[in-house]
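This is input.txt (compact mmCIF, N, CA and C atoms).
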```txt
# COMPACT_ATOMS: atom_id res chain seq x y z
N MET L 280 0.86 -1.17 0.00
CA MET L 280 0.00 0.00 0.00
C MET L 280 0.91 1.23 0.00
N SER L 281 0.56 2.22 -0.78
CA SER L 281 1.36 3.43 -0.88
C SER L 281 1.32 4.22 0.44
N ASP L 282 2.32 5.06 0.61
CA ASP L 282 2.37 5.91 1.82
C ASP L 282 1.13 6.79 1.92
N GLU L 283 0.68 7.30 0.77
CA GLU L 283 -0.51 8.16 0.76
C GLU L 283 -1.75 7.38 1.19
N ARG L 284 -1.89 6.16 0.68
CA ARG L 284 -3.04 5.33 1.05
C ARG L 284 -3.00 4.96 2.53
N MET L 285 -1.81 4.67 3.03
CA MET L 285 -1.66 4.34 4.45
C MET L 285 -2.01 5.56 5.31
N ALA L 286 -1.58 6.74 4.89
CA ALA L 286 -1.90 7.97 5.63
C ALA L 286 -3.41 8.20 5.64
N GLN L 287 -4.06 7.95 4.50
CA GLN L 287 -5.52 8.09 4.43
C GLN L 287 -6.20 7.09 5.36
N MET L 288 -5.68 5.86 5.38
CA MET L 288 -6.26 4.84 6.25
C MET L 288 -6.14 5.25 7.72
N HIS L 289 -4.94 5.70 8.12
CA HIS L 289 -4.73 6.08 9.51
C HIS L 289 -5.60 7.28 9.90
N GLU L 290 -5.73 8.23 8.99
CA GLU L 290 -6.60 9.39 9.26
C GLU L 290 -8.05 8.92 9.44
N TRP L 291 -8.50 8.05 8.55
CA TRP L 291 -9.85 7.52 8.64
C TRP L 291 -10.06 6.79 9.96
N LEU L 292 -9.12 5.93 10.32
CA LEU L 292 -9.26 5.15 11.55
C LEU L 292 -9.25 6.04 12.79
N ARG L 293 -8.46 7.11 12.78
CA ARG L 293 -8.49 8.06 13.90
C ARG L 293 -9.87 8.71 14.00
N ASP L 294 -10.43 9.08 12.84
CA ASP L 294 -11.78 9.68 12.84
C ASP L 294 -12.82 8.70 13.37
N VAL L 295 -12.71 7.43 12.96
CA VAL L 295 -13.66 6.42 13.44
C VAL L 295 -13.50 6.23 14.94
N CYS L 296 -12.26 6.18 15.42
CA CYS L 296 -12.02 6.05 16.87
C CYS L 296 -12.65 7.22 17.62
N ASP L 297 -12.46 8.43 17.10
CA ASP L 297 -13.07 9.60 17.74
C ASP L 297 -14.59 9.47 17.79
N GLU L 298 -15.17 9.04 16.68
CA GLU L 298 -16.63 8.91 16.59
C GLU L 298 -17.16 7.86 17.56
N LEU L 299 -16.39 6.77 17.73
CA LEU L 299 -16.84 5.66 18.57
C LEU L 299 -16.33 5.74 20.01
N GLY L 300 -15.54 6.78 20.30
CA GLY L 300 -15.02 6.94 21.65
C GLY L 300 -13.96 5.92 22.02
N LEU L 301 -13.15 5.54 21.05
CA LEU L 301 -12.08 4.56 21.27
C LEU L 301 -10.72 5.24 21.26
N ASP L 302 -9.77 4.65 21.95
CA ASP L 302 -8.41 5.16 21.99
C ASP L 302 -7.70 4.81 20.68
N PRO L 303 -7.30 5.80 19.88
CA PRO L 303 -6.64 5.51 18.61
C PRO L 303 -5.32 4.76 18.77
N ALA L 304 -4.72 4.80 19.96
CA ALA L 304 -3.47 4.07 20.19
C ALA L 304 -3.68 2.57 20.03
N ILE L 305 -4.88 2.10 20.31
CA ILE L 305 -5.17 0.68 20.15
C ILE L 305 -5.06 0.30 18.68
N VAL L 306 -5.66 1.10 17.82
CA VAL L 306 -5.62 0.81 16.38
C VAL L 306 -4.20 0.96 15.86
N GLU L 307 -3.52 2.01 16.27
CA GLU L 307 -2.16 2.23 15.80
C GLU L 307 -1.25 1.07 16.19
N SER L 308 -1.50 0.46 17.34
CA SER L 308 -0.66 -0.63 17.83
C SER L 308 -1.01 -1.98 17.23
N THR L 309 -2.20 -2.12 16.67
CA THR L 309 -2.64 -3.43 16.17
C THR L 309 -2.91 -3.45 14.67
N ALA L 310 -2.88 -2.31 14.02
CA ALA L 310 -3.26 -2.24 12.60
C ALA L 310 -2.43 -3.16 11.72
N GLU L 311 -1.14 -3.17 11.91
CA GLU L 311 -0.27 -3.99 11.06
C GLU L 311 -0.62 -5.47 11.21
N GLN L 312 -0.79 -5.93 12.45
CA GLN L 312 -1.12 -7.33 12.68
C GLN L 312 -2.49 -7.69 12.11
N LEU L 313 -3.47 -6.80 12.30
CA LEU L 313 -4.80 -7.08 11.78
C LEU L 313 -4.85 -7.05 10.26
N LEU L 314 -4.11 -6.14 9.64
CA LEU L 314 -4.04 -6.13 8.18
C LEU L 314 -3.40 -7.41 7.66
N ALA L 315 -2.36 -7.88 8.34
CA ALA L 315 -1.72 -9.14 7.94
C ALA L 315 -2.69 -10.30 8.10
N LEU L 316 -3.45 -10.30 9.20
CA LEU L 316 -4.43 -11.36 9.43
C LEU L 316 -5.49 -11.36 8.33
N VAL L 317 -6.00 -10.19 8.01
CA VAL L 317 -7.01 -10.07 6.95
C VAL L 317 -6.44 -10.60 5.63
N GLY L 318 -5.19 -10.28 5.35
CA GLY L 318 -4.55 -10.79 4.14
C GLY L 318 -4.44 -12.30 4.13
N GLN L 319 -4.07 -12.87 5.27
CA GLN L 319 -3.96 -14.33 5.38
C GLN L 319 -5.31 -15.00 5.15
N VAL L 320 -6.34 -14.44 5.75
CA VAL L 320 -7.68 -15.02 5.59
C VAL L 320 -8.14 -14.86 4.14
N ALA L 321 -7.92 -13.69 3.56
CA ALA L 321 -8.36 -13.43 2.19
C ALA L 321 -7.66 -14.32 1.18
N HIS L 322 -6.40 -14.63 1.43
CA HIS L 322 -5.65 -15.47 0.50
C HIS L 322 -5.66 -16.94 0.90
N GLY L 323 -6.37 -17.24 1.97
CA GLY L 323 -6.47 -18.61 2.44
C GLY L 323 -7.91 -19.08 2.43
N PRO L 324 -8.51 -19.19 3.61
CA PRO L 324 -9.83 -19.82 3.70
C PRO L 324 -10.97 -19.09 2.99
N THR L 325 -11.01 -17.73 3.04
CA THR L 325 -12.17 -17.04 2.47
C THR L 325 -11.92 -15.55 2.28
N ARG L 326 -11.94 -15.11 1.05
CA ARG L 326 -11.75 -13.69 0.77
C ARG L 326 -12.87 -12.84 1.37
N PRO L 327 -14.15 -13.17 1.13
CA PRO L 327 -15.19 -12.30 1.68
C PRO L 327 -15.28 -12.33 3.21
N GLY L 328 -14.75 -13.37 3.82
CA GLY L 328 -14.79 -13.45 5.28
C GLY L 328 -13.67 -12.69 5.97
N ALA L 329 -12.73 -12.16 5.20
CA ALA L 329 -11.56 -11.50 5.80
C ALA L 329 -11.91 -10.29 6.66
N PRO L 330 -12.68 -9.31 6.17
CA PRO L 330 -12.98 -8.17 7.04
C PRO L 330 -13.84 -8.55 8.24
N LEU L 331 -14.72 -9.52 8.05
CA LEU L 331 -15.55 -9.95 9.16
C LEU L 331 -14.72 -10.69 10.21
N THR L 332 -13.65 -11.32 9.79
CA THR L 332 -12.75 -11.98 10.75
C THR L 332 -12.13 -10.94 11.67
N ALA L 333 -11.68 -9.81 11.11
CA ALA L 333 -11.13 -8.73 11.94
C ALA L 333 -12.20 -8.20 12.89
N PHE L 334 -13.42 -8.08 12.40
CA PHE L 334 -14.53 -7.65 13.25
C PHE L 334 -14.72 -8.63 14.41
N LEU L 335 -14.67 -9.93 14.12
CA LEU L 335 -14.87 -10.93 15.17
C LEU L 335 -13.75 -10.89 16.21
N VAL L 336 -12.52 -10.62 15.77
CA VAL L 336 -11.42 -10.46 16.73
C VAL L 336 -11.75 -9.29 17.67
N GLY L 337 -12.16 -8.17 17.10
CA GLY L 337 -12.51 -7.01 17.93
C GLY L 337 -13.71 -7.26 18.81
N LEU L 338 -14.70 -7.94 18.27
CA LEU L 338 -15.89 -8.25 19.05
C LEU L 338 -15.54 -9.14 20.24
N SER L 339 -14.67 -10.10 20.02
CA SER L 339 -14.30 -10.99 21.13
C SER L 339 -13.53 -10.24 22.21
N VAL L 340 -12.73 -9.25 21.81
CA VAL L 340 -12.02 -8.43 22.79
C VAL L 340 -13.03 -7.61 23.60
N GLY L 341 -13.98 -6.99 22.91
CA GLY L 341 -14.99 -6.19 23.60
C GLY L 341 -15.89 -7.03 24.49
N ALA L 342 -16.18 -8.25 24.06
CA ALA L 342 -17.07 -9.11 24.83
C ALA L 342 -16.42 -9.65 26.10
N ALA L 343 -15.10 -9.51 26.18
CA ALA L 343 -14.39 -10.00 27.37
C ALA L 343 -14.78 -9.19 28.61
N GLY L 344 -15.34 -8.00 28.40
CA GLY L 344 -15.87 -7.22 29.50
C GLY L 344 -14.85 -6.47 30.33
N ARG L 345 -13.61 -6.42 29.85
CA ARG L 345 -12.60 -5.67 30.59
C ARG L 345 -12.60 -4.22 30.13
N GLU L 346 -11.97 -3.39 30.95
CA GLU L 346 -11.79 -1.97 30.59
C GLU L 346 -10.93 -1.89 29.33
N LEU L 347 -11.36 -1.07 28.38
CA LEU L 347 -10.61 -0.94 27.14
C LEU L 347 -9.49 0.09 27.29
N ASP L 348 -8.39 -0.32 27.90
CA ASP L 348 -7.22 0.55 27.94
C ASP L 348 -6.23 0.02 26.92
N ALA L 349 -5.37 0.89 26.44
CA ALA L 349 -4.48 0.54 25.33
C ALA L 349 -3.64 -0.69 25.62
N GLY L 350 -3.05 -0.78 26.80
CA GLY L 350 -2.16 -1.90 27.09
C GLY L 350 -2.83 -3.25 27.05
N SER L 351 -3.89 -3.42 27.83
CA SER L 351 -4.54 -4.73 27.88
C SER L 351 -5.29 -5.02 26.58
N THR L 352 -5.85 -4.02 25.96
CA THR L 352 -6.60 -4.25 24.73
C THR L 352 -5.68 -4.68 23.61
N VAL L 353 -4.53 -4.05 23.49
CA VAL L 353 -3.56 -4.46 22.46
C VAL L 353 -3.15 -5.91 22.70
N ARG L 354 -2.90 -6.26 23.96
CA ARG L 354 -2.55 -7.64 24.30
C ARG L 354 -3.67 -8.61 23.92
N ASP L 355 -4.90 -8.23 24.23
CA ASP L 355 -6.05 -9.09 23.90
C ASP L 355 -6.21 -9.24 22.39
N VAL L 356 -6.08 -8.16 21.65
CA VAL L 356 -6.18 -8.23 20.19
C VAL L 356 -5.07 -9.12 19.65
N THR L 357 -3.86 -8.94 20.14
CA THR L 357 -2.73 -9.74 19.67
C THR L 357 -2.97 -11.22 19.93
N GLU L 358 -3.41 -11.56 21.12
CA GLU L 358 -3.66 -12.97 21.46
C GLU L 358 -4.74 -13.57 20.57
N ARG L 359 -5.81 -12.84 20.37
CA ARG L 359 -6.91 -13.37 19.55
C ARG L 359 -6.52 -13.45 18.08
N ALA L 360 -5.79 -12.46 17.59
CA ALA L 360 -5.34 -12.49 16.21
C ALA L 360 -4.39 -13.67 15.99
N GLU L 361 -3.51 -13.93 16.95
CA GLU L 361 -2.61 -15.08 16.84
C GLU L 361 -3.38 -16.39 16.84
N ALA L 362 -4.45 -16.47 17.63
CA ALA L 362 -5.28 -17.68 17.64
C ALA L 362 -5.92 -17.90 16.27
N VAL L 363 -6.42 -16.82 15.66
CA VAL L 363 -7.03 -16.94 14.34
C VAL L 363 -5.96 -17.26 13.29
N GLU L 364 -4.76 -16.70 13.43
CA GLU L 364 -3.67 -17.03 12.50
C GLU L 364 -3.36 -18.53 12.55
N ARG L 365 -3.38 -19.11 13.75
CA ARG L 365 -3.16 -20.55 13.87
C ARG L 365 -4.28 -21.32 13.18
N LEU L 366 -5.51 -20.84 13.32
CA LEU L 366 -6.64 -21.47 12.65
C LEU L 366 -6.47 -21.40 11.12
N VAL L 367 -6.07 -20.24 10.62
CA VAL L 367 -5.83 -20.08 9.19
C VAL L 367 -4.77 -21.08 8.74
N ALA L 368 -3.68 -21.17 9.49
CA ALA L 368 -2.60 -22.08 9.12
C ALA L 368 -3.09 -23.53 9.08
N SER L 369 -3.91 -23.89 10.05
CA SER L 369 -4.41 -25.28 10.08
C SER L 369 -5.38 -25.54 8.91
N ARG L 370 -6.14 -24.54 8.53
CA ARG L 370 -7.09 -24.71 7.41
C ARG L 370 -6.39 -24.75 6.07
N THR L 371 -5.32 -23.97 5.92
CA THR L 371 -4.62 -23.93 4.64
C THR L 371 -3.64 -25.10 4.50
N ALA L 372 -3.33 -25.77 5.60
CA ALA L 372 -2.43 -26.92 5.55
C ALA L 372 -3.14 -28.18 5.10
N ARG L 373 -4.45 -28.16 5.07
CA ARG L 373 -5.23 -29.34 4.68
C ARG L 373 -5.04 -29.70 3.24
```
Go ahead and render the structure in this file as structure tokens.
Amino acid sequence: MSDERMAQMHEWLRDVCDELGLDPAIVESTAEQLLALVGQVAHGPTRPGAPLTAFLVGLSVGAAGRELDAGSTVRDVTERAEAVERLVASRTAR
């Protein structure tokens, strides 16, 4: 992705965080991993399911019921994304 497109993405995500009352540091800290995860899903088990997979990772973090602070949330996103990455690997190894 070009630098300009990445800048547009980050600006958009900051605006969305502001609108939803979320800490943009969470997105900044997890964007690269989530984009990689979406790419793995899109090029592996299901292209149309890729964005919804990222949504499910976020939903599972929110459903955990903990306070959404940058430190623990980034850790939770990372753990769940890694779990889904293992699932992708197991599905594509078949």
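Residues of stretch 298-332 of chain L assigned to alpha helix (DSSP H) by DSSP on this structure's backbone: Glu298, Leu299, Pro303, Ala304, Ile305, Val306, Glu307, Ser308, Thr309, Ala310, Glu311, Gln312, Leu313, Leu314, Ala315, Leu316, Val317, Gly318, Gln319, Val320, Ala321, Ala329, Pro330, Leu331 and Thr332 of chain L.
Using only N, CA and C atoms, the contacts of L:Arg370 at a cut-off of 7 Å, with sequence neighbours closer than 4 positions omitted, comprise Gly323, Pro324, Arg365 and Leu366 of chain L.
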In Å and to one decimal, atom C of L:Gly350 is distant from atom CA of L:Thr309 by 10.9 Å
Q.
Set the distance at 12 Å and use only C-alpha atoms: which residues neighbour stretch 289-300 of chain L once local chain neighbours fewer than 6 positions away are removed? I'd like the list as a PyMOL selection string.
A. chain L and resi 282-283+306-311+347-348
Restrict the selected residues to N, CA and C atoms and save them as a PDB file, in the coordinates of the input.
```
ATOM      1  N   ASP L 282       2.320   5.060   0.610  1.00  0.00           N
ATOM      2  CA  ASP L 282       2.370   5.910   1.820  1.00  0.00           C
ATOM      3  C   ASP L 282       1.130   6.790   1.920  1.00  0.00           C
ATOM      4  N   GLU L 283       0.680   7.300   0.770  1.00  0.00           N
ATOM      5  CA  GLU L 283      -0.510   8.160   0.760  1.00  0.00           C
ATOM      6  C   GLU L 283      -1.750   7.380   1.190  1.00  0.00           C
ATOM      7  N   VAL L 306      -5.660   1.100  17.820  1.00  0.00           N
ATOM      8  CA  VAL L 306      -5.620   0.810  16.380  1.00  0.00           C
ATOM      9  C   VAL L 306      -4.200   0.960  15.860  1.00  0.00           C
ATOM     10  N   GLU L 307      -3.520   2.010  16.270  1.00  0.00           N
ATOM     11  CA  GLU L 307      -2.160   2.230  15.800  1.00  0.00           C
ATOM     12  C   GLU L 307      -1.250   1.070  16.190  1.00  0.00           C
ATOM     13  N   SER L 308      -1.500   0.460  17.340  1.00  0.00           N
ATOM     14  CA  SER L 308      -0.660  -0.630  17.830  1.00  0.00           C
ATOM     15  C   SER L 308      -1.010  -1.980  17.230  1.00  0.00           C
ATOM     16  N   THR L 309      -2.200  -2.120  16.670  1.00  0.00           N
ATOM     17  CA  THR L 309      -2.640  -3.430  16.170  1.00  0.00           C
ATOM     18  C   THR L 309      -2.910  -3.450  14.670  1.00  0.00           C
ATOM     19  N   ALA L 310      -2.880  -2.310  14.020  1.00  0.00           N
ATOM     20  CA  ALA L 310      -3.260  -2.240  12.600  1.00  0.00           C
ATOM     21  C   ALA L 310      -2.430  -3.160  11.720  1.00  0.00           C
ATOM     22  N   GLU L 311      -1.140  -3.170  11.910  1.00  0.00           N
ATOM     23  CA  GLU L 311      -0.270  -3.990  11.060  1.00  0.00           C
ATOM     24  C   GLU L 311      -0.620  -5.470  11.210  1.00  0.00           C
ATOM     25  N   LEU L 347     -11.360  -1.070  28.380  1.00  0.00           N
ATOM     26  CA  LEU L 347     -10.610  -0.940  27.140  1.00  0.00           C
ATOM     27  C   LEU L 347      -9.490   0.090  27.290  1.00  0.00           C
ATOM     28  N   ASP L 348      -8.390  -0.320  27.900  1.00  0.00           N
ATOM     29  CA  ASP L 348      -7.220   0.550  27.940  1.00  0.00           C
ATOM     30  C   ASP L 348      -6.230   0.020  26.920  1.00  0.00           C
TER      31      ASP L 348
END
```
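Using only N, CA and C atoms, the shortest contact distance between L:Pro303 and any of L:Ala321, L:Ala368, L:Glu358, L:Ala349 is found at L:Ala349.
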Here atom C of L:Thr352 and atom C of L:Val367 stand apart by 22.2 Å
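Each of L:Val363, L:Gly318, L:Ile305, L:Gln287 was checked against L:Ser351 using only C-alpha atoms; the smallest atom-to-atom distance is that of L:Ile305.
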Near stretch 336-343 of chain L, counting only N, CA and C atoms, which residues have an atom at most 6.5 Å away, once you skip same-chain residues fewer than 4 positions from it, shown as a PyMOL selection string? chain L and resi 331-332+355-356+359-360
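For the pair atom C of L:Ala329 and atom C of L:Val317, the separation is 5.6 Å.
Comparing L:Gln312, L:Gly328, L:Met288, L:Arg345 by their smallest distance to L:Glu361, the closest is L:Gln312 (using all atoms listed in the file).
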